[in-house]
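Undergrad: Contents are compact mmCIF, C-alpha atoms; file name my_file-v8.txt:
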```
# COMPACT_ATOMS: atom_id res chain seq x y z
CA MET A 282 -13.28 8.84 -2.93
CA THR A 283 -11.81 12.08 -1.62
CA ALA A 284 -12.63 15.55 -2.92
CA VAL A 285 -9.28 15.61 -4.73
CA GLU A 286 -9.97 12.25 -6.38
CA LEU A 287 -13.50 13.33 -7.29
CA SER A 288 -12.11 16.46 -8.94
CA ARG A 289 -9.87 14.24 -11.07
CA THR A 290 -12.84 11.99 -11.85
CA VAL A 291 -14.85 14.99 -13.08
CA LEU A 292 -11.96 16.01 -15.35
CA HIS A 293 -11.73 12.44 -16.68
CA ALA A 294 -15.45 12.57 -17.48
CA VAL A 295 -14.92 15.81 -19.42
CA ARG A 296 -12.00 14.25 -21.28
CA ARG A 297 -14.05 11.17 -22.22
CA ALA A 298 -16.87 13.37 -23.49
CA VAL A 299 -14.40 15.36 -25.60
CA ASP A 300 -12.77 12.20 -26.95
CA ALA A 301 -16.21 10.87 -27.88
CA GLY A 302 -17.01 14.03 -29.82
CA GLU A 303 -19.85 14.97 -27.46
CA LEU A 304 -18.18 18.21 -26.35
CA SER A 305 -15.82 20.51 -28.20
CA VAL A 306 -13.86 22.23 -25.43
CA ALA A 307 -10.36 22.38 -23.98
CA VAL A 308 -10.24 20.15 -20.89
CA PRO A 309 -9.63 22.45 -17.89
CA THR A 310 -6.77 21.83 -15.48
CA ARG A 311 -9.02 21.91 -12.45
CA ALA A 312 -12.59 21.02 -11.50
CA VAL A 313 -13.92 22.56 -8.31
CA VAL A 314 -16.07 20.26 -6.15
CA THR A 315 -17.76 21.50 -2.98
CA PRO A 316 -20.49 20.39 -0.58
CA PRO A 317 -23.90 20.96 -2.23
CA GLY A 318 -25.45 24.37 -1.76
CA PRO A 319 -29.14 25.19 -1.15
CA GLY A 320 -31.31 23.06 -3.41
CA GLY A 321 -28.51 20.58 -4.01
CA CYS A 322 -28.17 16.98 -2.89
CA GLY A 323 -25.64 14.19 -2.53
CA ASP A 324 -22.12 14.43 -1.12
CA TYR A 325 -20.54 16.91 -3.52
CA ALA A 326 -21.53 19.31 -6.28
CA THR A 327 -19.63 20.86 -9.17
CA GLY A 328 -20.36 23.73 -11.52
CA ILE A 329 -18.08 22.41 -14.26
CA ALA A 330 -20.98 22.41 -16.75
CA LEU A 331 -21.53 26.16 -16.22
CA GLN A 332 -17.80 26.70 -16.71
CA LEU A 333 -17.77 24.79 -20.00
CA ALA A 334 -21.08 26.00 -21.42
CA GLY A 335 -19.65 29.10 -23.12
CA PRO A 336 -16.69 27.38 -24.82
CA ALA A 337 -18.92 24.45 -25.79
CA GLY A 338 -21.61 26.71 -27.27
CA GLN A 339 -24.32 24.78 -25.39
CA PRO A 340 -26.58 25.52 -22.41
CA PRO A 341 -25.05 24.45 -19.07
CA LEU A 342 -27.81 21.90 -18.47
CA LYS A 343 -27.07 20.24 -21.83
CA VAL A 344 -23.36 20.03 -20.92
CA ALA A 345 -24.30 18.50 -17.57
CA GLU A 346 -26.51 15.92 -19.32
CA VAL A 347 -23.55 14.97 -21.53
CA LEU A 348 -21.26 14.51 -18.51
CA ARG A 349 -23.74 12.62 -16.33
CA PRO A 350 -23.35 9.12 -17.89
CA HIS A 351 -19.57 9.43 -17.88
CA LEU A 352 -19.66 10.18 -14.17
CA LEU A 353 -22.14 7.40 -13.40
CA GLY A 354 -19.72 4.92 -14.92
CA SER A 355 -16.95 5.88 -12.48
CA ASP A 356 -16.03 3.72 -9.49
CA GLY A 357 -17.26 5.04 -6.15
CA ILE A 358 -20.09 7.16 -7.59
CA THR A 359 -23.57 5.86 -6.83
CA ASP A 360 -25.76 8.65 -8.24
CA VAL A 361 -25.56 11.88 -10.23
CA VAL A 362 -28.41 14.41 -10.05
CA LEU A 363 -28.65 17.63 -12.08
CA THR A 364 -30.14 20.68 -10.39
CA GLY A 365 -30.66 24.36 -11.16
CA PRO A 366 -29.14 25.73 -14.35
CA GLY A 367 -26.66 22.85 -14.62
CA PHE A 368 -25.11 21.94 -11.27
CA ILE A 369 -23.97 18.33 -11.03
CA ASN A 370 -24.67 16.73 -7.64
CA ILE A 371 -22.71 13.56 -6.93
CA SER A 372 -23.39 10.85 -4.35
CA LEU A 373 -20.54 8.57 -3.30
CA ASP A 374 -20.41 5.03 -2.02
CA GLY A 375 -20.46 5.67 1.75
CA ALA A 376 -18.41 2.67 2.86
CA ALA A 377 -15.76 3.13 0.22
CA SER A 378 -15.64 6.86 0.83
CA GLY A 379 -14.47 6.57 4.44
CA VAL A 380 -11.80 3.99 3.69
CA GLU A 381 -10.51 5.95 0.72
CA VAL A 382 -10.41 9.26 2.59
CA VAL A 383 -8.27 7.74 5.34
CA GLY A 384 -6.12 5.90 2.83
CA GLU A 385 -5.54 9.07 0.83
CA VAL A 386 -4.57 11.05 3.93
CA LEU A 387 -2.13 8.36 5.05
CA ARG A 388 -0.65 8.17 1.55
CA ARG A 389 -0.21 11.94 1.21
CA GLY A 390 0.64 12.64 4.86
CA GLU A 391 0.97 16.29 5.77
CA ARG A 392 0.64 17.19 2.06
CA TYR A 393 -2.92 15.86 1.87
CA GLY A 394 -4.96 18.40 -0.08
CA TYR A 395 -1.96 19.77 -1.99
CA ALA A 396 -2.07 20.08 -5.78
CA ASP A 397 -0.19 17.39 -7.69
CA HIS A 398 1.50 19.89 -10.02
CA ALA A 399 1.82 23.58 -10.82
CA ASP A 400 -1.32 25.11 -12.29
CA GLY A 401 0.34 27.98 -14.15
CA ARG A 402 -0.85 30.77 -11.87
CA VAL A 403 1.63 33.51 -10.99
CA VAL A 404 0.56 35.63 -8.01
CA GLN A 405 2.25 38.72 -6.56
CA LEU A 406 1.14 39.51 -3.00
CA HIS A 407 1.93 42.89 -1.49
CA CYS A 408 1.24 44.13 2.02
CA PRO A 409 1.70 47.36 3.99
CA HIS A 410 4.02 47.97 6.94
CA ASP A 411 1.89 46.04 9.43
CA LEU A 412 2.73 42.83 11.27
CA ARG A 413 -0.65 41.18 10.77
CA ALA A 414 -0.64 41.98 7.06
CA VAL A 415 2.83 40.46 6.66
CA VAL A 416 1.86 37.27 8.51
CA VAL A 417 -1.39 36.89 6.54
CA ALA A 418 0.41 37.50 3.24
CA GLU A 419 3.14 35.00 4.07
CA VAL A 420 0.67 32.25 5.01
CA SER A 421 -1.51 33.07 2.00
CA ALA A 422 1.58 32.52 -0.14
CA ARG A 423 2.12 29.10 1.45
CA LEU A 424 -1.51 28.19 0.78
CA LEU A 425 -1.31 29.32 -2.84
CA ARG A 426 1.90 27.35 -3.36
CA SER A 427 0.22 24.27 -1.89
CA GLN A 428 -2.36 24.60 -4.67
CA GLY A 429 0.20 24.86 -7.46
CA ALA A 430 0.66 28.63 -7.81
CA LEU A 431 3.95 30.47 -8.18
CA VAL A 432 3.94 33.24 -5.57
CA ARG A 433 6.10 36.21 -4.65
CA VAL A 434 5.54 38.36 -1.55
CA SER A 435 6.63 41.96 -1.02
CA ALA A 436 6.21 44.14 2.05
CA GLU A 437 6.74 47.80 2.77
CA GLY A 438 9.30 48.54 5.48
CA PHE A 439 9.70 44.95 6.68
CA GLU A 440 11.23 44.84 10.16
CA PRO A 441 13.86 42.20 11.08
CA ALA A 442 12.37 41.94 14.59
CA TRP A 443 9.24 40.38 13.09
CA ALA A 444 11.30 37.61 11.53
CA SER A 445 13.25 36.91 14.69
CA VAL A 446 10.18 36.63 16.93
CA LEU A 447 7.38 35.29 14.71
CA GLY A 448 9.48 33.58 12.05
CA VAL A 449 8.10 35.76 9.25
CA THR A 450 9.84 35.86 5.88
CA VAL A 451 9.09 37.76 2.69
CA ASP A 452 10.60 37.47 -0.78
CA ALA A 453 11.15 41.17 -1.34
CA VAL A 454 11.30 44.32 0.73
CA GLY A 455 10.46 47.85 -0.37
CA HIS A 456 7.89 49.27 -2.73
CA ALA A 457 5.33 47.28 -4.65
CA PRO A 458 6.71 45.75 -7.87
CA ALA A 459 5.93 47.08 -11.33
CA GLU A 460 3.37 44.34 -12.07
CA LEU A 461 -0.09 44.73 -10.57
CA PRO A 462 0.01 43.07 -7.12
CA VAL A 463 -2.75 41.57 -5.01
CA ASN A 464 -2.90 43.74 -1.92
CA VAL A 465 -3.27 41.98 1.44
CA ARG A 466 -4.69 44.43 3.98
CA PRO A 467 -6.39 42.77 6.95
CA VAL A 468 -7.62 44.88 9.85
CA PRO A 469 -4.49 45.44 11.98
CA ALA A 470 -4.17 44.58 15.64
CA ALA A 471 -4.96 47.35 18.11
CA GLU A 472 -2.15 49.87 18.51
CA THR A 473 -1.74 48.86 22.16
CA ALA A 474 -1.54 45.14 21.31
CA ASP A 475 1.76 43.29 21.12
CA PRO A 476 1.28 39.90 19.39
CA MET A 477 5.03 39.24 19.56
CA SER A 478 4.82 39.04 23.36
CA LEU A 479 2.83 35.80 22.93
CA GLY A 480 5.73 34.03 21.23
CA ARG A 481 5.84 32.59 17.75
CA ASP A 482 3.04 30.01 17.81
CA ALA A 483 0.41 31.83 19.88
CA GLY A 484 1.30 35.14 18.24
CA ARG A 485 0.79 33.77 14.73
CA TRP A 486 -2.45 32.06 15.75
CA ALA A 487 -3.77 35.31 17.25
CA LEU A 488 -3.12 37.13 13.96
CA LEU A 489 -4.49 34.37 11.72
CA HIS A 490 -7.47 32.81 13.51
CA ARG A 491 -9.94 35.64 12.98
CA ALA A 492 -11.18 36.75 9.55
CA ALA A 493 -9.31 39.58 7.83
CA HIS A 494 -12.17 42.03 8.39
CA ASP A 495 -12.15 41.38 12.17
CA ARG A 496 -9.66 42.90 14.57
CA PRO A 497 -7.51 40.15 16.09
CA ARG A 498 -7.49 39.36 19.78
CA THR A 499 -3.95 39.33 21.13
CA GLY A 500 -4.47 38.65 24.83
CA ASP A 501 -3.08 35.89 27.01
CA GLU A 502 -6.10 33.67 26.25
CA HIS A 503 -4.02 32.20 23.42
CA LEU A 504 -1.49 30.87 25.96
CA VAL A 505 -4.00 29.16 28.26
CA GLN A 506 -3.69 25.34 28.23
CA ARG A 507 -7.43 24.71 28.48
CA GLU A 508 -10.32 23.68 26.24
CA SER A 509 -11.41 27.33 26.03
CA ASN A 510 -8.34 28.00 23.85
CA PRO A 511 -8.86 26.80 20.23
CA LEU A 512 -5.11 26.63 19.57
CA PHE A 513 -4.66 24.38 22.59
CA ARG A 514 -7.46 22.08 21.38
CA VAL A 515 -5.87 21.74 17.94
CA ARG A 516 -2.40 20.99 19.31
CA TYR A 517 -3.77 18.71 22.04
CA ALA A 518 -5.79 16.68 19.50
CA HIS A 519 -2.63 16.33 17.39
CA ALA A 520 -0.60 15.16 20.39
CA ARG A 521 -3.33 12.66 21.38
CA ALA A 522 -3.44 11.30 17.82
CA ARG A 523 0.33 10.81 17.80
CA ALA A 524 0.15 9.17 21.25
CA ALA A 525 -2.43 6.68 19.94
CA GLY A 526 0.09 5.54 17.34
CA ARG A 527 2.86 5.12 19.93
CA ASN A 528 0.58 3.23 22.31
CA ALA A 529 -0.68 0.95 19.53
CA ALA A 530 2.91 0.10 18.64
CA ASP A 531 3.50 -0.84 22.28
CA LEU A 532 0.47 -3.16 22.04
CA GLY A 533 1.80 -4.71 18.83
CA PHE A 534 -0.73 -3.61 16.22
CA THR A 535 -0.70 -1.17 13.32
CA ALA A 536 -3.20 0.92 11.40
CA ALA A 537 -5.26 -0.43 8.52
CA PRO A 538 -8.04 1.69 6.92
CA GLY A 539 -11.40 -0.04 7.19
CA PRO A 540 -15.14 0.60 7.52
CA LEU A 541 -16.18 3.10 10.17
CA GLY A 542 -19.76 3.50 11.27
CA GLU A 543 -20.10 5.39 14.54
CA SER A 544 -21.53 8.92 14.37
CA THR A 545 -18.37 10.43 15.88
CA GLU A 546 -16.30 8.64 13.26
CA GLN A 547 -18.51 9.83 10.42
CA GLU A 548 -18.36 13.43 11.63
CA LEU A 549 -14.57 13.24 11.78
CA LEU A 550 -14.36 11.63 8.33
CA ALA A 551 -16.48 14.43 6.89
CA ALA A 552 -14.11 17.02 8.35
CA LEU A 553 -11.07 15.23 6.91
CA ALA A 554 -12.72 14.82 3.51
CA ASP A 555 -13.40 18.57 3.47
CA HIS A 556 -9.75 19.48 4.06
CA PRO A 557 -8.69 19.75 0.37
CA ARG A 558 -11.64 22.04 -0.37
CA VAL A 559 -10.78 24.24 2.61
CA LEU A 560 -7.14 24.54 1.50
CA ALA A 561 -8.20 25.52 -2.01
CA ALA A 562 -10.73 28.08 -0.74
CA ALA A 563 -8.27 29.56 1.79
CA ALA A 564 -5.71 29.92 -1.00
CA ASP A 565 -8.12 31.42 -3.54
CA HIS A 566 -9.47 33.98 -1.05
CA ARG A 567 -6.13 34.58 0.71
CA ALA A 568 -7.88 33.69 3.94
CA PRO A 569 -5.72 31.68 6.37
CA ASP A 570 -8.49 32.06 8.94
CA ARG A 571 -10.52 29.49 6.99
CA LEU A 572 -7.79 26.93 7.51
CA ALA A 573 -7.36 27.86 11.19
CA ARG A 574 -11.07 27.43 11.89
CA HIS A 575 -11.14 24.18 9.93
CA LEU A 576 -8.36 22.78 12.11
CA VAL A 577 -10.50 23.62 15.14
CA THR A 578 -13.40 21.73 13.52
CA VAL A 579 -11.17 18.68 12.94
CA ALA A 580 -9.83 18.83 16.51
CA ASP A 581 -13.27 19.18 18.05
CA ALA A 582 -14.51 16.18 16.07
CA ALA A 583 -11.39 14.18 16.97
CA LEU A 584 -11.27 14.71 20.73
CA PRO A 585 -14.39 12.61 21.58
CA PHE A 586 -13.22 9.91 19.14
CA LEU A 587 -9.58 9.45 20.18
CA PRO A 588 -10.33 7.67 23.52
CA THR A 589 -12.00 4.87 21.51
CA VAL A 590 -8.96 4.01 19.41
CA LEU A 591 -7.10 1.58 21.69
CA PRO A 592 -8.40 -1.71 23.14
CA ARG A 593 -9.67 -1.55 26.71
CA GLY A 594 -9.15 -4.02 29.51
CA GLY A 595 -8.72 -7.52 28.13
CA GLU A 596 -9.75 -6.63 24.57
CA LYS A 597 -7.60 -7.94 21.74
CA PRO A 598 -6.74 -5.55 18.90
CA SER A 599 -9.31 -6.10 16.15
CA ALA A 600 -9.95 -4.87 12.62
CA ALA A 601 -12.12 -2.13 14.14
CA HIS A 602 -9.22 -0.97 16.32
CA ARG A 603 -6.89 -0.93 13.32
CA ALA A 604 -9.42 1.11 11.33
CA ARG A 605 -9.83 3.59 14.19
CA LEU A 606 -6.05 3.83 14.55
CA ALA A 607 -5.79 4.64 10.84
CA LEU A 608 -8.34 7.41 11.31
CA ALA A 609 -6.38 8.74 14.31
CA GLU A 610 -3.17 8.79 12.27
CA ALA A 611 -5.02 10.64 9.51
CA VAL A 612 -6.12 13.23 12.07
CA GLY A 613 -2.53 13.71 13.18
CA ALA A 614 -1.37 14.21 9.59
CA VAL A 615 -4.08 16.77 8.75
CA LEU A 616 -3.54 18.78 11.93
CA ALA A 617 0.24 18.75 11.56
CA GLY A 618 0.04 19.74 7.90
CA GLY A 619 -2.44 22.53 8.57
CA LEU A 620 -0.41 23.96 11.45
CA ALA A 621 2.74 23.83 9.30
CA LEU A 622 1.01 25.94 6.64
CA LEU A 623 0.16 28.46 9.36
CA GLY A 624 3.79 28.44 10.50
CA ILE A 625 2.90 26.91 13.88
CA ASP A 626 4.61 23.93 15.51
CA ALA A 627 2.66 20.71 16.13
CA PRO A 628 4.34 19.02 19.14
CA ASP A 629 3.95 15.26 19.53
CA HIS A 630 3.83 15.65 23.33
CA LEU A 631 1.69 18.23 25.06
```
Turn this file's structure into structure tokens for me.

TA:
Amino acid sequence: MTAVELSRTVLHAVRRAVDAGELSVAVPTRAVVTPPGPGGCGDYATGIALQLAGPAGQPPLKVAEVLRPHLLGSDGITDVVLTGPGFINISLDGAASGVEVVGEVLRRGERYGYADHADGRVVQLHCPHDLRAVVVAEVSARLLRSQGALVRVSAEGFEPAWASVLGVTVDAVGHAPAELPVNVRPVPAAETADPMSLGRDAGRWALLHRAAHDRPRTGDEHLVQRESNPLFRVRYAHARARAAGRNAADLGFTAAPGPLGESTEQELLAALADHPRVLAAAADHRAPDRLARHLVTVADAALPFLPTVLPRGGEKPSAAHRARLALAEAVGAVLAGGLALLGIDAPDHL
């Protein structure tokens, strides 16, 4: 079960409790699930009971106790533990979890982690006359749209040169609109820096990879084709994942999600399973840097794994090879989708 599927399962549990007359609330459109915090346990935790406590007129812990049996009856959930004032900690079936994560990624492709439908949010982003602010606002808009929001971006004094070099677009140019906007004001690049000299992909990465409160680095390190360059590692892992698919086709076998047990595989699965949560958090906080760093995490977990995908020597392709190939294809989809949201190309050959 992926984080997205678990979120739906939590909402189904709320709906069943409402239908049974155990809770009197409007079923929310979204349930946030995250890795457990301090004092938590299991694979995921949700604060849905705290969210519903006020409308239900009951203490959060009582709401959590109502939801617990409905969650325990769901496929893929092995245990539900209540902690703190009403946090619900959920443990998943480990074997099923890995297969379902890979299957979900392959089914959704580069749109893995996207919302299924609009959530009703309307967001107006506005940024000053600064290249980094425009790039961050534009990518934040893409992230918000991926999570179902309707977004409009405006910028003061937008320069056509930015669009021609870094591929930046905005929906409106000029002063902030009449409605109250959300201002996007990251720390700008140094006055002597010229991110556009790096080209579109490296220039965008330089402006997006660091957190908004940190000054970006815009040196030639972003162009170096070595492991020391995070952008290179992300794009190289994507190219290696795509190459695994081509080479497997040459050997006559295809991907099929299956059990995965090695530690490198489990680490990579955990990173892929976390992708929907990262997209949602990056959108909510207008923080593309969270996505950029997550792609580095996925790439770093993938690079030791990818050499194990194909048969070696006289080996025949087995179910294990097909399962590893499915995981490799999932890696390629997540990295390509994440880079696309950042406005960066993901070449199949590198």

Undergrad: Taking only C-alpha atoms into account, which of A:Asp397, A:Asp531, A:Glu502, A:Glu391 comes nearest Val612 in chain A?

TA: A:Glu391

Undergrad: If we count all atoms listed in the file and set the cut-off at 10 Å, which residues sit around range 553-558 of chain A, ignoring sequence neighbours fewer than 6 positions away in its own chain? Please answer as number ranges by chain.

TA: A: 282-285, 313-316, 378-379, 381-383, 385-386, 392-396, 428, 547, 564, 572, 575-576, 578-579, 582, 608, 611-612, 615-616, 619

Undergrad: Take CA of Asp475 in chain A and CA of Asn510 in chain A and report the distance between them in Å, one decimal.

TA: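 Going from CA of Asp475 in chain A over to CA of Asn510 in chain A, I get 18.5 Å.
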
Undergrad: Which residue is closest to Leu584 in chain A? Choose from A:Glu548, A:Glu286, A:Asp501, A:Glu437 and count all atoms listed in the file.

TA: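 Answer, going by the shortest atom-to-atom distance: A:Glu548.
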
Undergrad: Using all atoms listed in the file for the distances, tell me which of A:Ala326, A:Ala493, A:Ala337, A:Leu331 is nearest to Ser305 in chain A.

TA: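 Under the stated criterion, the closest residue is A:Ala337.
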